[in-house]
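Okay, so here's the structure we're looking at.
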Amino acid sequence: MPIRLPFLLLTIAGLLLGGCSTLLSGPDASPKPVRRLVFVTVTPTPTLALSEGSRAAPVSPIPTPVPAPYFAAANELGKVMVLQYHRIAYPEQRFQRSPANFRADLQRLYNEGYYPVNFIDLVDGLPNVPAGKRPVVITFDDSDISQFTVRDPGIIDGDSGVGILMNFHYEHPTDWPARATFFILGNDTNDYRSIFGQPKWVKAKLHFLVEQGMEIGSHTVNHTDLSTVTAERIHWELAVSKQVLESLVSGYTVRSLAAPYGGFPFKADFLQSGEWGDLTYRYDANAAAWGGPSPSPFDPAFDPYRVPRIEVSSLWLDYWLTYFQQNPDEYYISDGDPNRITAPTPPAIAAEQSD
């Protein structure tokens with residue numbers, strides 16, 4: 001079902017032609033919440049509305065009550081899948097997921113108890129995942145037009161990534177919030193052609209994502225492999241990308257990035273902060289381009305600047321979903337309490353308790 005932009009959006013076309021104003025990076029991110037560790041013994045700006053008035057208006061997600069057995073199975077030291085998409089279009093091929101398969105991905109994740117969160121939520125410690133749910137992060141690289149396509153005079157293509165995400169959210173408003181992270185190429189030439197491919201809709205699209213609760217992050221300006229360039233070029237790519245995105249969405253702070261090609265600079269500190277000219281930047285996390293499921297944010301092995309991802313294909317998504325069906329004790333399952341970390345009792349402690 002397509003989604004319609006109200007007529008108000010047409011009035012911003014003139015604003016989209018303006019240049020970027022200098023905007024320094026936002027304040028440091030809030031510290032990760034402090035939780036107490038609890039072991040448990042377990043048994044094995046513009047708004048969008050749907051067209052034709054055929055669906056209810058968006059509502060705030062309300063965690064669904066979870067039966068008691070789910071609490072016993074909580075494991076907040078388990079792994080989390082961070083899924084990596086690129087284009088949403090036909091035909092199915094590498095770096096291109098078909099609309100039909102993307103819909104099927106969401107349906108399967110929903111059926112198996114997963115719950116979407118933004119990438120930065122993982123880094124912040126997953127504080128808002130309802131009890132019994134398995135968090136999953138959906139990310140998109142490259143800001144391709146197929147991820148977010150608008151048909152004049154303001155209808156979101158129902159086969160684009162955002163159209164599919166939003167319609168799925170409207171079908172399941174209380175237990176599938178509109179959450180996803182878009183790592184965007186930030187063109188600095190004032191036409192923004194690389195940002196979802198439609199210059200006149202750039203601001204409307206970015207505002208919509210943020211207002212719905214989704215996340216926008218940096219993918220550099222020119223999709224540059226940061227492992228192959230100078231320190232000056234790295235600082236330019238990361239500072240200008242952040243400045244462009246934040247100037248397009250007033251008041252928003254870009255906190256995360258995905259280094260293209262998974263290329264890590266020769267100094268890891270470059271991903272965290274730096275400056276170029278009058279611009280400064282700070283990022284709190286970086287998504288890698290490969291690596292499988294991520295450790296829990298409470299696992300000592302978790303590195304916010306090297307968070308692994310799973311490149312989505314029918315082969316690899318099915319592999320990991322099937323793996324965690326067969327090994328449910330290895331996945332992160334929330335206890336619903338942001339003030340504690342619940343995990344199965346380690347065998348050594350269980351042995352001591354039984355003595």
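Identifiers in this document derive from the order of the structure tokens: chains are assigned A, B, ..., residues are numbered from 1 separately in each chain, and ligands are numbered from 1 in order of occurrence.
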
**Report entry** stretch 103-315 of chain A: residues DSSP assigns to alpha helix (DSSP H), reported as a ChimeraX atom specification
**Finding:** /A:103-111,119-123,161-171,202-212,231-248,314-315

**Report entry** Backbone DSSP call of strand (DSSP E) for stretch 38-253 of chain A, listed as JSON, numbers by chain
**Finding:** {"A": [38, 39, 40, 49, 50, 81, 82, 83, 84, 85, 87, 88, 96, 97, 114, 115, 116, 117, 134, 135, 136, 137, 138, 139, 140, 141, 150, 151, 155, 156, 181, 182, 183, 184, 215, 216, 217, 218]}

Requested in this report: Find, counting only C-alpha atoms, the residue in A:Thr220, A:Glu215, A:Leu165, A:Gly158 that gets nearest to A:Tyr252.
Outcome: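 Under the stated criterion, the closest residue is A:Glu215.
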
Query raised in the report: Got a sec: who's within 10 Å of A:Leu83, counting only C-alpha atoms, leaving out chain neighbours fewer than 6 positions off, as a list in words?
Result: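 Here the answer would be Phe119, Val136, Val137, Ile138, Thr139, Phe140, Ala180, Ala289, Trp290, Gly292, Pro293, Pro308, Arg309, Ile310, Glu311, Val312, Ser313 and Leu317 of chain A.
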
Report task. Compare A:Gly291, A:Glu246, A:Met166, A:His235 by their minimum atom-to-atom distance to A:Lys203, counting only C-alpha atoms, and give me the closest one. Result ->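 Of A:Gly291, A:Glu246, A:Met166, A:His235, the one nearest A:Lys203 is A:Glu246, counting only C-alpha atoms.
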
Query raised in the report: When distances are computed from only C-alpha atoms, which of A:Ala74, A:Ala231, A:Ile164, A:Ala178 shows the smallest separation from A:Trp276?
Result: A:Ala231

Show me a table, sorted first by chain and then by increasing residue number, of the residues of stretch 168-250 of chain A having an atom at most 10 Å from stretch 100-111 of chain A, each with its shortest atom pair and the distance in Å to one decimal, counting only C-alpha atoms and written as CSV.
residue,atom,partner,partner_atom,distance
A:Phe168,CA,A:Leu106,CA,7.7
A:His169,CA,A:Leu106,CA,9.8
A:His172,CA,A:Tyr110,CA,9.1
A:Asp175,CA,A:Tyr110,CA,8.6
A:Trp176,CA,A:Tyr110,CA,7.5

Query raised in the report: How far is it from atom CA of A:Ser98 to atom CA of A:Glu330, in Å with one decimal?
Result: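 For atom CA of A:Ser98 relative to atom CA of A:Glu330, the distance reads 29.5 Å.
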
**Report entry** Interatomic distance, atom CA of A:Ile155 to atom CA of A:Ser218 (Å, one decimal)
**Finding:**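 Taking atom CA of A:Ile155 and atom CA of A:Ser218, their separation equals 26.1 Å.
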
Find the spatial neighbours of A:Thr149, counting only C-alpha atoms, within a cut-off of 12 Å - ignore same-chain residues fewer than 2 positions away - and output them as an mmCIF file with N, CA and C atoms, in the first residue's frame.
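Here's the written file around.cif:
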data_model
loop_
_atom_site.group_PDB
_atom_site.id
_atom_site.type_symbol
_atom_site.label_atom_id
_atom_site.label_comp_id
_atom_site.auth_asym_id
_atom_site.auth_seq_id
_atom_site.Cartn_x
_atom_site.Cartn_y
_atom_site.Cartn_z
ATOM 1 N N PRO A 2 0.711 2.131 -0.937
ATOM 2 C CA PRO A 2 1.548 3.325 -0.971
ATOM 3 C C PRO A 2 1.238 4.252 0.175
ATOM 4 N N ILE A 3 2.141 5.170 0.446
ATOM 5 C CA ILE A 3 2.004 6.142 1.521
ATOM 6 C C ILE A 3 2.049 7.521 0.904
ATOM 7 N N ARG A 4 1.220 8.446 1.361
ATOM 8 C CA ARG A 4 1.114 9.749 0.729
ATOM 9 C C ARG A 4 1.713 10.847 1.592
ATOM 10 N N LEU A 5 2.466 11.712 0.984
ATOM 11 C CA LEU A 5 2.950 12.921 1.631
ATOM 12 C C LEU A 5 1.887 14.006 1.496
ATOM 13 N N ARG A 87 20.382 -2.165 -1.930
ATOM 14 C CA ARG A 87 19.239 -1.792 -2.765
ATOM 15 C C ARG A 87 18.043 -2.713 -2.486
ATOM 16 N N ILE A 88 16.833 -2.148 -2.662
ATOM 17 C CA ILE A 88 15.598 -2.923 -2.591
ATOM 18 C C ILE A 88 14.947 -2.828 -3.965
ATOM 19 N N ALA A 89 15.168 -3.842 -4.790
ATOM 20 C CA ALA A 89 14.705 -3.786 -6.179
ATOM 21 C C ALA A 89 14.782 -5.185 -6.781
ATOM 22 N N SER A 143 22.364 4.995 0.702
ATOM 23 C CA SER A 143 21.244 5.920 0.424
ATOM 24 C C SER A 143 20.798 5.846 -1.029
ATOM 25 N N ASP A 144 20.645 4.625 -1.526
ATOM 26 C CA ASP A 144 20.170 4.415 -2.900
ATOM 27 C C ASP A 144 18.695 4.804 -3.010
ATOM 28 N N ILE A 145 18.275 5.255 -4.185
ATOM 29 C CA ILE A 145 16.896 5.681 -4.373
ATOM 30 C C ILE A 145 15.907 4.562 -4.095
ATOM 31 N N SER A 146 16.305 3.308 -4.309
ATOM 32 C CA SER A 146 15.392 2.194 -4.071
ATOM 33 C C SER A 146 15.038 2.028 -2.598
ATOM 34 N N GLN A 147 15.851 2.592 -1.720
ATOM 35 C CA GLN A 147 15.544 2.524 -0.294
ATOM 36 C C GLN A 147 14.404 3.456 0.094
ATOM 37 N N ARG A 151 7.048 9.219 -5.371
ATOM 38 C CA ARG A 151 6.418 9.504 -6.648
ATOM 39 C C ARG A 151 5.620 10.792 -6.523
ATOM 40 N N ASP A 152 5.856 11.734 -7.434
ATOM 41 C CA ASP A 152 5.080 12.974 -7.407
ATOM 42 C C ASP A 152 3.596 12.653 -7.544
ATOM 43 N N PRO A 153 2.750 13.400 -6.826
ATOM 44 C CA PRO A 153 3.041 14.586 -6.017
ATOM 45 C C PRO A 153 3.285 14.310 -4.540
ATOM 46 N N GLY A 154 3.828 13.180 -4.212
ATOM 47 C CA GLY A 154 4.178 12.943 -2.822
ATOM 48 C C GLY A 154 3.754 11.584 -2.308
ATOM 49 N N ILE A 155 3.814 10.558 -3.143
ATOM 50 C CA ILE A 155 3.447 9.209 -2.728
ATOM 51 C C ILE A 155 4.711 8.372 -2.596
ATOM 52 N N ILE A 156 4.904 7.792 -1.427
ATOM 53 C CA ILE A 156 6.059 6.915 -1.222
ATOM 54 C C ILE A 156 5.791 5.586 -1.913
ATOM 55 N N ASP A 157 6.728 5.167 -2.705
ATOM 56 C CA ASP A 157 6.622 3.913 -3.431
ATOM 57 C C ASP A 157 6.521 2.759 -2.437
ATOM 58 N N GLY A 158 5.433 1.993 -2.526
ATOM 59 C CA GLY A 158 5.219 0.891 -1.604
ATOM 60 C C GLY A 158 6.194 -0.247 -1.776
ATOM 61 N N ASP A 159 6.954 -0.265 -2.878
ATOM 62 C CA ASP A 159 7.977 -1.283 -3.083
ATOM 63 C C ASP A 159 9.367 -0.802 -2.702
ATOM 64 N N SER A 160 9.496 0.441 -2.268
ATOM 65 C CA SER A 160 10.797 0.915 -1.787
ATOM 66 C C SER A 160 10.996 0.444 -0.352
ATOM 67 N N GLY A 161 12.231 0.500 0.117
ATOM 68 C CA GLY A 161 12.514 0.003 1.452
ATOM 69 C C GLY A 161 11.677 0.657 2.534
ATOM 70 N N VAL A 162 11.585 1.987 2.506
ATOM 71 C CA VAL A 162 10.825 2.704 3.535
ATOM 72 C C VAL A 162 9.340 2.411 3.407
ATOM 73 N N GLY A 163 8.818 2.326 2.174
ATOM 74 C CA GLY A 163 7.416 1.987 2.001
ATOM 75 C C GLY A 163 7.074 0.635 2.605
ATOM 76 N N ILE A 164 7.947 -0.347 2.389
ATOM 77 C CA ILE A 164 7.733 -1.682 2.947
ATOM 78 C C ILE A 164 7.831 -1.652 4.470
ATOM 79 N N ILE A 195 21.884 11.474 -2.051
ATOM 80 C CA ILE A 195 21.055 11.169 -0.888
ATOM 81 C C ILE A 195 19.682 10.719 -1.378
ATOM 82 N N PHE A 196 19.496 9.425 -1.511
ATOM 83 C CA PHE A 196 18.249 8.818 -1.972
ATOM 84 C C PHE A 196 17.855 9.244 -3.385
ATOM 85 N N GLY A 197 18.748 9.853 -4.148
ATOM 86 C CA GLY A 197 18.564 10.019 -5.576
ATOM 87 C C GLY A 197 17.540 11.018 -6.060
ATOM 88 N N GLN A 198 16.861 11.735 -5.153
ATOM 89 C CA GLN A 198 15.843 12.699 -5.567
ATOM 90 C C GLN A 198 16.084 14.020 -4.849
ATOM 91 N N PRO A 199 16.821 14.944 -5.465
ATOM 92 C CA PRO A 199 17.248 16.162 -4.765
ATOM 93 C C PRO A 199 16.132 16.943 -4.097
ATOM 94 N N LYS A 200 14.997 17.082 -4.752
ATOM 95 C CA LYS A 200 13.967 17.960 -4.176
ATOM 96 C C LYS A 200 13.263 17.348 -2.964
ATOM 97 N N TRP A 201 13.450 16.045 -2.751
ATOM 98 C CA TRP A 201 12.803 15.392 -1.626
ATOM 99 C C TRP A 201 13.770 15.094 -0.481
ATOM 100 N N VAL A 202 15.010 15.560 -0.575
ATOM 101 C CA VAL A 202 16.015 15.173 0.422
ATOM 102 C C VAL A 202 15.584 15.540 1.834
ATOM 103 N N ALA A 204 12.669 16.378 3.049
ATOM 104 C CA ALA A 204 11.440 15.706 3.454
ATOM 105 C C ALA A 204 11.713 14.267 3.871
ATOM 106 N N LYS A 205 12.536 13.571 3.108
ATOM 107 C CA LYS A 205 12.830 12.179 3.424
ATOM 108 C C LYS A 205 13.584 12.047 4.751
#
